[in-house]
Structure formats: C-alpha cells, structure tokens
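Pasting coords26.cif here (mmCIF, C-alpha atoms):
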```cif
data_structure
#
loop_
_atom_site.label_atom_id
_atom_site.label_comp_id
_atom_site.auth_asym_id
_atom_site.auth_seq_id
_atom_site.Cartn_x
_atom_site.Cartn_y
_atom_site.Cartn_z
CA MET T 5 8.72 -7.77 0.98
CA PRO T 6 7.97 -8.52 4.62
CA LYS T 7 8.57 -12.00 5.87
CA LYS T 8 5.67 -14.33 6.43
CA GLY T 9 4.18 -13.80 9.87
CA SER T 10 5.65 -10.33 10.30
CA SER T 11 3.51 -7.25 10.85
CA LYS T 12 3.89 -3.59 10.02
CA VAL T 13 2.06 -2.73 13.24
CA SER T 14 4.60 -1.97 15.95
CA ASP T 15 4.18 -2.63 19.64
CA ARG T 16 3.49 0.41 21.80
CA ASN T 17 3.42 0.91 25.53
CA CYS T 18 -0.01 1.11 27.11
CA LEU T 19 -0.56 4.60 28.52
CA ILE T 20 -1.91 3.07 31.73
CA CYS T 21 0.13 0.00 32.67
CA GLU T 22 3.04 0.45 30.20
CA GLU T 23 2.73 -3.14 29.00
CA LEU T 24 3.21 -3.66 25.26
CA THR T 25 0.10 -3.53 23.09
CA ARG T 26 -0.65 -3.49 19.38
CA MET T 27 -4.31 -2.60 19.78
CA ALA T 28 -5.85 0.78 20.51
CA HIS T 29 -8.87 1.09 22.77
CA PHE T 30 -10.94 4.25 23.28
CA GLY T 31 -8.97 5.67 20.36
CA MET T 32 -5.75 5.65 22.40
CA ASP T 33 -2.83 3.36 23.18
CA ILE T 34 -4.65 1.57 25.97
CA CYS T 35 -4.32 -2.20 26.17
CA ARG T 36 -7.23 -4.61 26.21
CA ALA T 37 -6.73 -5.53 29.87
CA CYS T 38 -6.91 -1.89 31.00
CA SER T 39 -9.93 -1.19 28.78
CA ILE T 40 -11.80 -4.17 30.27
CA PHE T 41 -10.84 -3.08 33.79
CA TYR T 42 -12.13 0.44 33.15
CA ARG T 43 -15.47 -0.71 31.74
CA ARG T 44 -16.08 -2.93 34.74
CA ALA T 45 -14.80 -0.45 37.31
CA LYS T 46 -16.90 2.50 36.18
CA ARG T 47 -20.10 0.59 36.98
CA SER T 48 -19.38 0.65 40.71
CA ASN T 49 -16.27 2.61 41.54
CA ASN T 50 -15.99 2.25 45.31
CA PHE T 51 -12.36 1.20 45.54
CA SER T 52 -10.03 2.25 48.35
CA CYS T 53 -6.39 3.09 47.82
CA ARG T 54 -4.11 0.25 48.92
CA ALA T 55 -1.60 2.71 50.37
CA ASN T 56 -4.27 5.08 51.77
CA THR T 57 -2.59 7.95 49.92
CA ASN T 58 -4.56 8.11 46.64
CA LYS T 59 -1.17 8.78 45.05
CA CYS T 60 0.16 5.37 44.03
CA VAL T 61 2.87 5.54 41.38
CA THR T 62 1.30 4.75 38.02
CA GLY T 63 2.83 2.56 35.37
CA ARG T 64 4.14 -0.99 35.26
CA GLY T 65 3.39 -2.96 38.41
CA LEU T 66 0.59 -0.70 39.68
CA ASN T 67 -1.55 -2.92 41.91
CA CYS T 68 -4.03 -0.37 43.30
CA LYS T 69 -7.43 -0.53 41.63
CA ARG T 70 -8.48 2.92 42.77
CA CYS T 71 -5.39 4.70 41.48
CA ARG T 72 -5.43 2.65 38.28
CA TYR T 73 -9.05 3.62 37.65
CA TYR T 74 -8.49 7.34 38.25
CA HIS T 75 -5.37 7.25 36.11
CA ILE T 76 -7.48 5.97 33.21
CA VAL T 77 -10.10 8.66 33.88
CA ARG T 78 -7.43 11.37 33.76
CA ILE T 79 -5.99 10.03 30.50
CA LEU T 80 -9.42 9.84 28.85
CA ALA T 81 -10.44 13.27 30.15
CA ARG T 82 -7.45 14.82 28.37
CA SER T 83 -8.37 13.13 25.10
CA ASP T 84 -10.25 15.09 22.46
CA GLU T 85 -12.24 11.93 21.69
CA HIS T 86 -13.66 11.79 25.21
CA PRO T 87 -14.54 15.39 26.20
CA GLN T 88 -17.67 14.19 27.99
CA ILE T 89 -15.89 12.01 30.55
CA LYS T 90 -16.15 13.19 34.11
CA LEU T 91 -16.19 11.42 37.43
CA THR T 92 -19.40 10.99 39.36
CA LYS T 93 -19.74 9.76 42.92
CA SER T 94 -20.79 6.16 43.06
CA SER T 95 -24.44 5.71 43.90
CA THR T 96 -23.45 2.78 46.07
CA ASN T 97 -21.16 4.91 48.23
CA PRO T 98 -22.60 8.45 48.36
CA SER T 99 -21.00 9.23 51.70
CA SER T 100 -17.45 8.58 50.55
CA ASP T 101 -15.14 11.45 51.47
CA GLU T 102 -12.33 10.41 49.18
CA SER T 103 -11.29 13.31 47.02
CA PRO T 104 -11.02 12.83 43.26
CA PRO T 105 -7.73 13.21 41.44
CA PRO T 106 -6.75 16.70 40.24
CA GLY T 107 -8.45 17.85 37.05
CA VAL T 108 -11.42 15.48 37.36
CA ASN T 109 -14.81 17.06 38.05
CA ILE T 110 -17.49 15.49 40.24
CA SER T 111 -21.00 15.93 38.88
CA ASP T 112 -23.14 18.05 41.20
CA LYS T 113 -26.28 16.42 39.78
CA PRO T 114 -25.48 12.69 39.92
CA LEU T 115 -29.11 11.55 39.85
CA LEU T 116 -29.91 13.49 36.67
CA GLU T 117 -26.66 12.28 35.14
CA ARG T 118 -27.55 8.64 35.84
CA LEU T 119 -31.05 9.23 34.50
CA ARG T 120 -29.57 10.59 31.29
CA VAL T 121 -27.43 7.49 30.80
CA GLN T 122 -30.09 4.95 31.75
CA TYR T 123 -32.91 6.56 29.77
CA LYS T 124 -30.73 6.57 26.67
CA ALA T 125 -29.88 2.91 27.28
CA MET T 126 -33.57 2.05 27.65
CA SER T 127 -34.43 3.98 24.49
CA THR T 128 -31.69 2.26 22.52
CA LEU T 129 -32.87 -1.15 23.71
CA ARG T 130 -36.45 -0.38 22.69
CA LEU T 131 -35.38 0.99 19.31
CA HIS T 132 -33.25 -2.00 18.37
CA SER T 133 -35.65 -4.59 19.78
CA GLU T 134 -38.66 -3.21 17.91
CA LEU T 135 -36.85 -2.73 14.61
CA HIS T 136 -35.17 -6.14 14.67
CA ALA T 137 -38.57 -7.74 15.35
CA ARG T 138 -40.02 -6.36 12.10
CA PRO T 139 -40.63 -8.81 9.22
CA ILE T 140 -37.98 -6.99 7.19
CA PRO T 141 -35.76 -5.14 9.68
CA PRO T 142 -33.71 -2.16 8.50
CA HIS T 143 -29.94 -2.35 8.38
CA PRO T 144 -28.37 -1.65 11.81
CA LEU T 145 -26.56 1.38 10.36
CA GLN T 146 -29.94 2.87 9.47
CA MET T 147 -31.27 2.72 13.04
CA SER T 148 -31.26 5.99 14.95
CA LEU T 149 -32.89 7.32 18.11
CA GLU T 150 -33.74 10.52 16.25
CA LEU T 151 -34.60 9.17 12.80
CA GLY T 152 -35.98 5.71 13.49
CA PRO T 153 -37.05 4.61 10.95
CA PHE T 154 -40.68 4.83 12.08
CA TYR T 155 -43.61 2.80 10.74
CA PRO T 156 -47.42 2.85 11.01
CA ALA T 157 -48.45 0.75 13.99
CA THR T 158 -50.24 -2.55 13.68
CA PHE T 159 -51.78 -4.76 16.32
CA GLY T 160 -48.73 -7.02 16.29
CA SER T 161 -46.15 -4.24 16.46
CA LEU T 162 -48.06 -2.51 19.25
CA THR T 163 -48.31 -5.70 21.29
CA GLY T 164 -44.60 -6.35 20.81
CA GLY T 165 -43.76 -2.74 21.64
CA VAL T 166 -45.62 -2.96 24.94
CA ARG T 167 -43.77 -6.13 25.94
CA ILE T 168 -40.45 -4.58 24.95
CA PHE T 169 -41.22 -1.45 26.96
CA LEU T 170 -42.10 -3.43 30.09
CA SER T 171 -38.95 -5.55 29.79
CA SER T 172 -36.72 -2.52 29.22
CA ALA T 173 -38.41 -0.66 32.10
CA LEU T 174 -37.49 -3.52 34.44
CA THR T 175 -33.87 -3.21 33.30
CA PHE T 176 -34.02 0.58 33.59
CA GLY T 177 -35.35 0.35 37.14
CA SER T 178 -32.74 -2.17 38.27
CA ASN T 179 -29.83 -0.26 36.72
CA MET T 180 -31.05 3.16 37.80
CA PHE T 181 -32.29 2.47 41.32
CA PRO T 182 -30.40 -0.07 43.49
CA GLU T 183 -33.40 -0.33 45.82
CA PHE T 184 -35.71 -1.35 42.97
CA ALA T 185 -33.50 -4.30 42.07
CA SER T 186 -33.99 -5.81 45.53
CA LEU T 187 -37.80 -5.50 45.61
CA PRO T 188 -40.02 -8.59 45.34
CA GLU T 189 -40.87 -9.57 41.76
CA LYS T 190 -44.56 -8.80 42.20
CA GLU T 191 -43.88 -5.25 43.38
CA LYS T 192 -41.38 -4.61 40.59
CA TRP T 193 -43.90 -5.73 38.00
CA GLN T 194 -46.65 -3.60 39.51
CA MET T 195 -44.38 -0.55 39.42
CA VAL T 196 -43.34 -0.90 35.78
CA VAL T 197 -46.94 -1.50 34.67
CA ASN T 198 -48.04 1.68 36.47
CA PHE T 199 -45.05 3.49 34.97
CA PHE T 200 -46.03 2.32 31.49
CA PHE T 201 -49.53 3.80 31.66
CA ARG T 202 -48.23 7.12 32.98
CA PHE T 203 -45.12 7.47 30.90
CA ARG T 204 -46.03 6.37 27.37
CA ILE T 205 -48.34 9.31 26.57
CA PHE T 206 -45.99 11.80 28.24
CA GLU T 207 -43.01 10.46 26.30
CA ASN T 208 -45.03 10.53 23.09
CA GLY T 209 -45.82 14.20 23.66
CA ARG T 210 -42.19 15.17 24.02
CA ARG T 211 -40.81 12.96 21.24
CA ALA T 212 -43.57 13.83 18.78
CA ASN T 213 -43.16 17.56 19.41
CA LYS T 214 -39.41 17.27 18.99
CA LEU T 215 -39.43 15.09 15.86
CA PHE T 216 -42.65 16.32 14.22
CA PRO T 217 -43.15 19.91 15.42
CA GLY T 218 -46.49 21.33 14.37
CA ASP T 219 -47.77 18.01 13.01
CA GLN T 220 -50.47 16.88 15.43
CA GLU T 221 -51.33 13.90 13.25
CA LYS T 222 -48.08 12.11 14.04
CA ASN T 223 -48.02 10.43 17.44
CA PHE T 224 -46.12 7.43 18.74
CA MET T 225 -47.83 4.19 19.69
CA SER T 226 -44.53 2.54 20.61
CA TYR T 227 -40.93 3.68 20.29
CA THR T 228 -40.77 3.11 16.53
CA THR T 229 -44.43 2.99 15.46
CA LEU T 230 -46.91 5.79 14.82
CA VAL T 231 -50.65 5.96 15.33
CA PRO T 232 -52.22 5.21 11.93
CA ALA T 233 -53.74 8.25 10.24
CA GLN T 234 -56.97 6.29 9.77
CA MET T 235 -57.78 3.39 12.05
CA SER T 236 -58.96 0.61 9.75
CA ALA T 237 -59.08 -3.16 9.54
CA ASP T 238 -55.49 -3.06 8.25
CA PHE T 239 -54.40 -2.32 11.81
CA PHE T 240 -55.44 -5.86 12.76
CA ALA T 241 -53.89 -7.56 9.73
CA ASP T 242 -51.34 -9.34 11.94
CA SER T 243 -53.76 -10.02 14.78
CA PRO T 244 -54.52 -13.65 15.72
CA LEU T 245 -58.12 -12.60 16.47
CA SER T 246 -59.11 -12.18 12.83
CA ASN T 247 -62.71 -13.26 13.45
CA ASN T 248 -63.31 -10.40 15.88
CA ILE T 249 -61.79 -7.56 13.85
CA PRO T 250 -65.04 -5.53 13.49
CA ILE T 251 -65.64 -5.65 17.25
CA ALA T 252 -62.02 -4.83 18.05
CA LEU T 253 -61.99 -1.97 15.54
CA GLU T 254 -65.07 -0.42 17.11
CA TYR T 255 -63.47 -0.73 20.55
CA VAL T 256 -60.30 1.03 19.37
CA ARG T 257 -62.29 3.80 17.72
CA GLN T 258 -64.28 4.39 20.89
CA GLY T 259 -61.07 4.60 22.90
CA ASP T 260 -59.57 6.99 20.31
CA LEU T 261 -55.95 6.95 21.45
CA ARG T 262 -55.16 10.08 19.44
CA ARG T 263 -57.86 12.05 21.25
CA ARG T 264 -56.32 11.11 24.59
CA MET T 265 -52.81 11.95 23.42
CA LEU T 266 -53.46 15.44 22.07
CA PRO T 267 -54.29 17.24 25.36
CA LEU T 268 -51.06 16.09 26.98
CA ARG T 269 -49.12 16.87 23.83
CA ASP T 270 -50.53 20.40 23.89
CA CYS T 271 -49.43 20.66 27.51
CA VAL T 272 -45.92 19.54 26.57
CA VAL T 273 -45.84 22.19 23.83
CA ARG T 274 -46.86 24.87 26.32
CA VAL T 275 -44.31 23.90 28.98
CA ASN T 276 -41.63 22.84 26.47
CA PRO T 277 -39.57 20.86 29.01
CA CYS T 278 -35.86 20.62 28.43
CA HIS T 279 -34.17 17.22 28.63
CA GLU T 280 -33.27 17.62 32.31
CA GLU T 281 -36.88 18.40 33.18
CA PHE T 282 -38.04 15.43 31.12
CA LEU T 283 -35.63 13.16 33.00
CA ALA T 284 -36.77 14.52 36.36
CA ILE T 285 -40.42 13.89 35.48
CA THR T 286 -39.51 10.39 34.31
CA CYS T 287 -38.02 9.66 37.73
CA LEU T 288 -41.06 11.07 39.53
CA MET T 289 -43.40 9.01 37.35
CA PHE T 290 -41.44 5.84 38.01
CA TRP T 291 -41.93 6.16 41.76
CA ALA T 292 -45.47 7.60 41.64
CA ASN T 293 -47.79 4.83 42.79
CA ASP T 294 -50.57 6.77 44.46
CA GLU T 295 -53.31 4.84 42.67
CA ALA T 296 -52.12 1.36 43.63
CA PRO T 297 -51.59 -0.34 46.99
CA ILE T 298 -47.87 -0.41 47.68
CA SER T 299 -45.65 -1.24 50.60
CA ASP T 300 -44.36 1.31 53.08
CA GLU T 301 -40.85 0.52 51.85
CA ILE T 302 -41.66 1.65 48.30
CA THR T 303 -43.38 4.76 49.63
CA THR T 304 -40.29 5.66 51.65
CA ILE T 305 -37.90 4.99 48.76
CA GLY T 306 -40.09 6.97 46.38
CA ARG T 307 -40.18 9.92 48.76
CA ARG T 308 -36.38 9.95 48.95
CA TYR T 309 -36.01 9.92 45.17
CA ARG T 310 -38.63 12.63 44.81
CA GLU T 311 -36.75 14.86 47.24
CA ALA T 312 -33.40 14.15 45.56
CA THR T 313 -34.85 14.78 42.10
CA LEU T 314 -36.43 18.09 43.05
CA LYS T 315 -33.26 19.19 44.83
CA GLU T 316 -31.18 18.62 41.70
CA LEU T 317 -33.85 20.22 39.53
CA HIS T 318 -33.80 23.32 41.74
CA ALA T 319 -30.02 23.45 41.35
CA PHE T 320 -30.37 23.06 37.59
CA TYR T 321 -32.81 25.98 37.40
CA ARG T 322 -30.56 28.24 39.45
CA GLU T 323 -27.12 27.28 38.18
CA ASP T 324 -27.69 26.15 34.60
CA MET T 325 -30.74 28.13 33.50
CA GLY T 326 -30.12 31.19 35.68
CA LEU T 327 -33.70 31.24 36.96
CA ASP T 328 -34.61 32.71 40.32
CA ASP T 329 -38.38 32.40 40.08
CA TYR T 330 -39.16 28.92 38.83
CA ALA T 331 -42.06 28.00 41.11
CA ALA T 332 -44.60 28.38 38.30
CA ARG T 333 -42.53 26.15 36.02
CA LEU T 334 -42.31 23.47 38.69
CA GLY T 335 -46.06 23.71 39.19
CA GLU T 336 -46.76 23.03 35.53
#
```

As structure tokens, how would this structure be written, given the file I've shared?
Amino acid sequence: MPKKGSSKVSDRNCLICEELTRMAHFGMDICRACSIFYRRAKRSNNFSCRANTNKCVTGRGLNCKRCRYYHIVRILARSDEHPQIKLTKSSTNPSSDESPPPGVNISDKPLLERLRVQYKAMSTLRLHSELHARPIPPHPLQMSLELGPFYPATFGSLTGGVRIFLSSALTFGSNMFPEFASLPEKEKWQMVVNFFFRFRIFENGRRANKLFPGDQEKNFMSYTTLVPAQMSADFFADSPLSNNIPIALEYVRQGDLRRRMLPLRDCVVRVNPCHEEFLAITCLMFWANDEAPISDEITTIGRRYREATLKELHAFYREDMGLDDYAARLGE
C-alpha cells in the first residue's frame, strides 16, 4: 500500500525544456510553463534569435524565445495528435526574411488561413452565447457548430442573436485585421453594422444549404434559430411590446424575410462555394462599404485586403482546385 502523500505518477522530463513535469499538455510530455509560452507566442510570433543563428541548442537553459517556439512547433508537428500544425508568417511582420526551421511548412495562403481560424472562433462564440442565453440551455456537450441544436426563432432570441453577432463581429474584426482594431469606435461600429446586413443572408444561404440540403423551408434567423414555418403571434411571445403585436406581425409579414432569403440561397446552390471561397467572400464583405460614407483610410485598407484576398483565391483555384479558367466562377 503506497504511503500517504505518495503518487503513482512519475516525473518525466519536458520534451522542450527538460525540466521535470508530471502533467501532459497537448497530449505530450510538455510542461505547463512551455505550454503557456507556446499559446502566447503563437499569437504574434515575431521573435528574433538571441544568437542570430536560429540554431540555439535546445533543452535545459534555453533562453531564446524564437528557438524555443520553433522547437515546440517541430515537436507538435511530429505528433499524430497535431497533424494540422504548421507555421504561418506573422501578420505583424510579413516582410521577415527569417527562414523557418527544417520540416515546418509556411502557409502560402496566410490570409485565408487566418480567416478560417477567426471565422470558426466567431461562429463558436455566437453558438455558445445564443444557446447559453436560452431559458433552458442545452448541456455544453450537446452544443455543436454542425448540429446546434437549433430552435424556432422568437422576437427575443432574434434580438439577442443580432446583438451577439455585432459583438462577435467586432472581436472578429480586431483579431483578424490589425488595422481595424486601431480605427475610431464610430467607424468600427459602422463597419460591423454594414457587414451584418450583407453577411447574415449570405451566411444563411451557405449554412442552410449545407445543413438542410433541398429543404427551402429551413433558414437561419440567427446562428442557432430558424425562421418559423408560419409567422404568428407566438413569434412575439417574449416581446416587451405585447400591446403592438398585431401591428408588428403585419410589418414582419410584409417584409417576408423568407422571400428575401430564397433568391440568395438559390444563388448559393448554383455557385456552391467551397469553404475557401466562402471565407474570401466574407473578407470582401467585411471591407465593402460602398453604400456608406467612410474615410479614405478605410478605403485604402479595404483595397489592400481585397487585392490580397483575390490573389490568394487565384492561387487556390490554380494550385488546389487545378482550375485554369476560373474567371466565370469569380464573376459569380
């Protein structure tokens, strides 16, 4: 019988710094200190090698952040649990000419890669925020980007969904585009509001076609709510404007959100954009502000992102899809 206070868990050497650890991080013998360092460093990896060699000796006593970071990347890249890990050039230092360590690939489409990460983060935030705001929220283990669960929309859930979208879009913009984070508050708000009106019906078309193919009656009103099959007074059951329900109901029926959604959904079915195309269009929509007065600075930034997005999309068509003639697809 083991003595009181003893443990069957033995100390192991961290694969990065060789200090003793009893805990595994990332599914490997990586100590807590190194795991925290990696999570922080990957957000803005613009370190320089202390010895200017990029070849500092790894192990105990390593005091070079750059070589420590790349050593972790190499270890994780060799792990079966992290096959997706690859190094991307930092968006804050795109002109860096430092070469990556052997065996680590640099993404040739860094903008699309960042869009993939940030859109998923925004979607996850919207999913969890909407579901946890429900009167009886589902168990966290039952929440899924693909499976929801999804509920018929009500006035209250729609209002909350809009607020959640706008908040998450502000976070998306700041995390995705460094220039956006430094804009005046008024301009940031104007951009995300414009983005909301453009993006919500487009996103509905793609998500509804993917999750409910062939069922035109199912369309999203927010990330986790669906347009009711029949718009009735029940939609306003949680509305504070209970005295004006008949007037509000008539207004909603005249607007007929489903009727406005279906043409774009049909267009999405015809084009059938892949995820990379969807991400590219998302970026273009975020910076498209033709209908609102904006500053010259935003116009210039938007033009740069449009050019960068289309450049990577062209490369995706040629290298990943093997297309030579994709002008018609871009036009659609």

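Note that the spacing between atom CA of Phe203 of chain T and atom CA of Phe290 of chain T amounts to 8.2 Å.
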
Need to verify the contact set: segment 68-73 of chain T, 8 Å, only C-alpha atoms, exclusion of same-chain residues closer than 5 positions in sequence. Can you return it as a ChimeraX atom specification?
/T:20,41-42,45,49-54,58-60,62

Work out how far atom CA of Lys192 of chain T is from atom CA of Leu283 of chain T, in Å to one decimal.
20.2 Å

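Considering all atoms listed in the file, the residue among T:Met147, T:Ala157, T:Leu66, T:Cys35 positioned nearest to Phe224 of chain T is T:Ala157.
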
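Running the PyMOL selection byres ((chain T and resi 184-189) around 12) on this file leaves Ala173, Leu174, Thr175, Phe176, Gly177, Ser178, Asn179, Met180, Phe181, Pro182, Glu183, Lys190, Glu191, Lys192, Trp193, Gln194, Met195, Val196, Phe290, Trp291, Ile298, Ser299, Glu301, Ile302, Thr303, Ile305, Gly306 and Tyr309 of chain T selected.
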
Those selected residues, please, written with C-alpha atoms and delivered as a compact mmCIF listing (two decimals), keeping the file's coordinate frame.
```txt
# COMPACT_ATOMS: atom_id res chain seq x y z
CA ALA T 173 -38.41 -0.66 32.10
CA LEU T 174 -37.49 -3.52 34.44
CA THR T 175 -33.87 -3.21 33.30
CA PHE T 176 -34.02 0.58 33.59
CA GLY T 177 -35.35 0.35 37.14
CA SER T 178 -32.74 -2.17 38.27
CA ASN T 179 -29.83 -0.26 36.72
CA MET T 180 -31.05 3.16 37.80
CA PHE T 181 -32.29 2.47 41.32
CA PRO T 182 -30.40 -0.07 43.49
CA GLU T 183 -33.40 -0.33 45.82
CA LYS T 190 -44.56 -8.80 42.20
CA GLU T 191 -43.88 -5.25 43.38
CA LYS T 192 -41.38 -4.61 40.59
CA TRP T 193 -43.90 -5.73 38.00
CA GLN T 194 -46.65 -3.60 39.51
CA MET T 195 -44.38 -0.55 39.42
CA VAL T 196 -43.34 -0.90 35.78
CA PHE T 290 -41.44 5.84 38.01
CA TRP T 291 -41.93 6.16 41.76
CA ILE T 298 -47.87 -0.41 47.68
CA SER T 299 -45.65 -1.24 50.60
CA GLU T 301 -40.85 0.52 51.85
CA ILE T 302 -41.66 1.65 48.30
CA THR T 303 -43.38 4.76 49.63
CA ILE T 305 -37.90 4.99 48.76
CA GLY T 306 -40.09 6.97 46.38
CA TYR T 309 -36.01 9.92 45.17
```

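One finds atom CA of Tyr321 of chain T at 25.0 Å from atom CA of Pro217 of chain T.
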
Would you kindly translate the PyMOL selection byres ((chain T and resi 28) around 12) into the concrete residues it picks from this file, as a PyMOL selection string?
chain T and resi 13-19+24-27+29-39

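Once the PyMOL selection byres ((chain T and resi 166) around 10) is applied to the depicted file, the selected set reads Arg130, Glu134, Ser161, Leu162, Thr163, Gly164, Gly165, Arg167, Ile168, Phe169, Leu170, Ser171, Ser172, Val197, Phe200, Arg204, Met225, Ser226 and Tyr227 of chain T.
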
Grab all the atoms of segment 141-147 of chain T that the file lists, wrap them in a box along x, y and z, add 6 Å per side, and give me centre plus edge lengths in Å (one decimal) as JSON.
```
{"center_x": -31.2, "center_y": -1.1, "center_z": 10.7, "size_x": 21.2, "size_y": 20.0, "size_z": 16.7}
```

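Minimum atom-to-atom distances from T:Asp219, T:Val61, T:Pro156, T:Glu280 to Met325 of chain T were compared using all atoms listed in the file, and the lowest value belongs to T:Glu280.
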
Can you list, as a PyMOL selection string, every protein, DNA or RNA residue that comes within 8 Å of Leu317 of chain T when you count only C-alpha atoms, leaving out same-chain residues fewer than 3 positions away?
chain T and resi 280-281+284+313-314+320-321

Which polymer residues, protein or nucleic acid, are no farther than 12 Å from (-31.5, 6.4, 13.6), counting only C-alpha atoms, as a VMD selection string?
chain T and resid 127 to 128 131 to 132 135 142 to 154 215 227 to 228

Selection: 12 Å around segment 267-271 of chain T, all atoms listed in the file, excl. self and same-chain fewer than 2 positions, as a ChimeraX atom specification
/T:202-214,216-224,261-265,273-277,336

How would segment 275-293 of chain T of the given structure read as a file with C-alpha atoms, as a PDB file, in the first residue's frame?
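part.pdb was written with the following content:
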```
ATOM      1  CA  VAL T 275     -22.409  28.521 -57.304  1.00  0.00           C
ATOM      2  CA  ASN T 276     -21.878  26.016 -54.462  1.00  0.00           C
ATOM      3  CA  PRO T 277     -18.896  27.874 -52.949  1.00  0.00           C
ATOM      4  CA  CYS T 278     -16.319  25.822 -51.122  1.00  0.00           C
ATOM      5  CA  HIS T 279     -15.169  26.929 -47.680  1.00  0.00           C
ATOM      6  CA  GLU T 280     -12.203  28.897 -49.045  1.00  0.00           C
ATOM      7  CA  GLU T 281     -14.479  30.827 -51.393  1.00  0.00           C
ATOM      8  CA  PHE T 282     -16.907  31.467 -48.549  1.00  0.00           C
ATOM      9  CA  LEU T 283     -14.063  32.836 -46.412  1.00  0.00           C
ATOM     10  CA  ALA T 284     -12.831  35.048 -49.242  1.00  0.00           C
ATOM     11  CA  ILE T 285     -16.314  36.496 -49.768  1.00  0.00           C
ATOM     12  CA  THR T 286     -16.610  37.059 -46.019  1.00  0.00           C
ATOM     13  CA  CYS T 287     -13.440  39.153 -46.101  1.00  0.00           C
ATOM     14  CA  LEU T 288     -14.638  41.132 -49.120  1.00  0.00           C
ATOM     15  CA  MET T 289     -17.995  41.783 -47.447  1.00  0.00           C
ATOM     16  CA  PHE T 290     -16.330  42.970 -44.262  1.00  0.00           C
ATOM     17  CA  TRP T 291     -14.435  45.697 -46.115  1.00  0.00           C
ATOM     18  CA  ALA T 292     -17.186  46.542 -48.633  1.00  0.00           C
ATOM     19  CA  ASN T 293     -18.586  49.907 -47.583  1.00  0.00           C
TER      20      ASN T 293
END
```
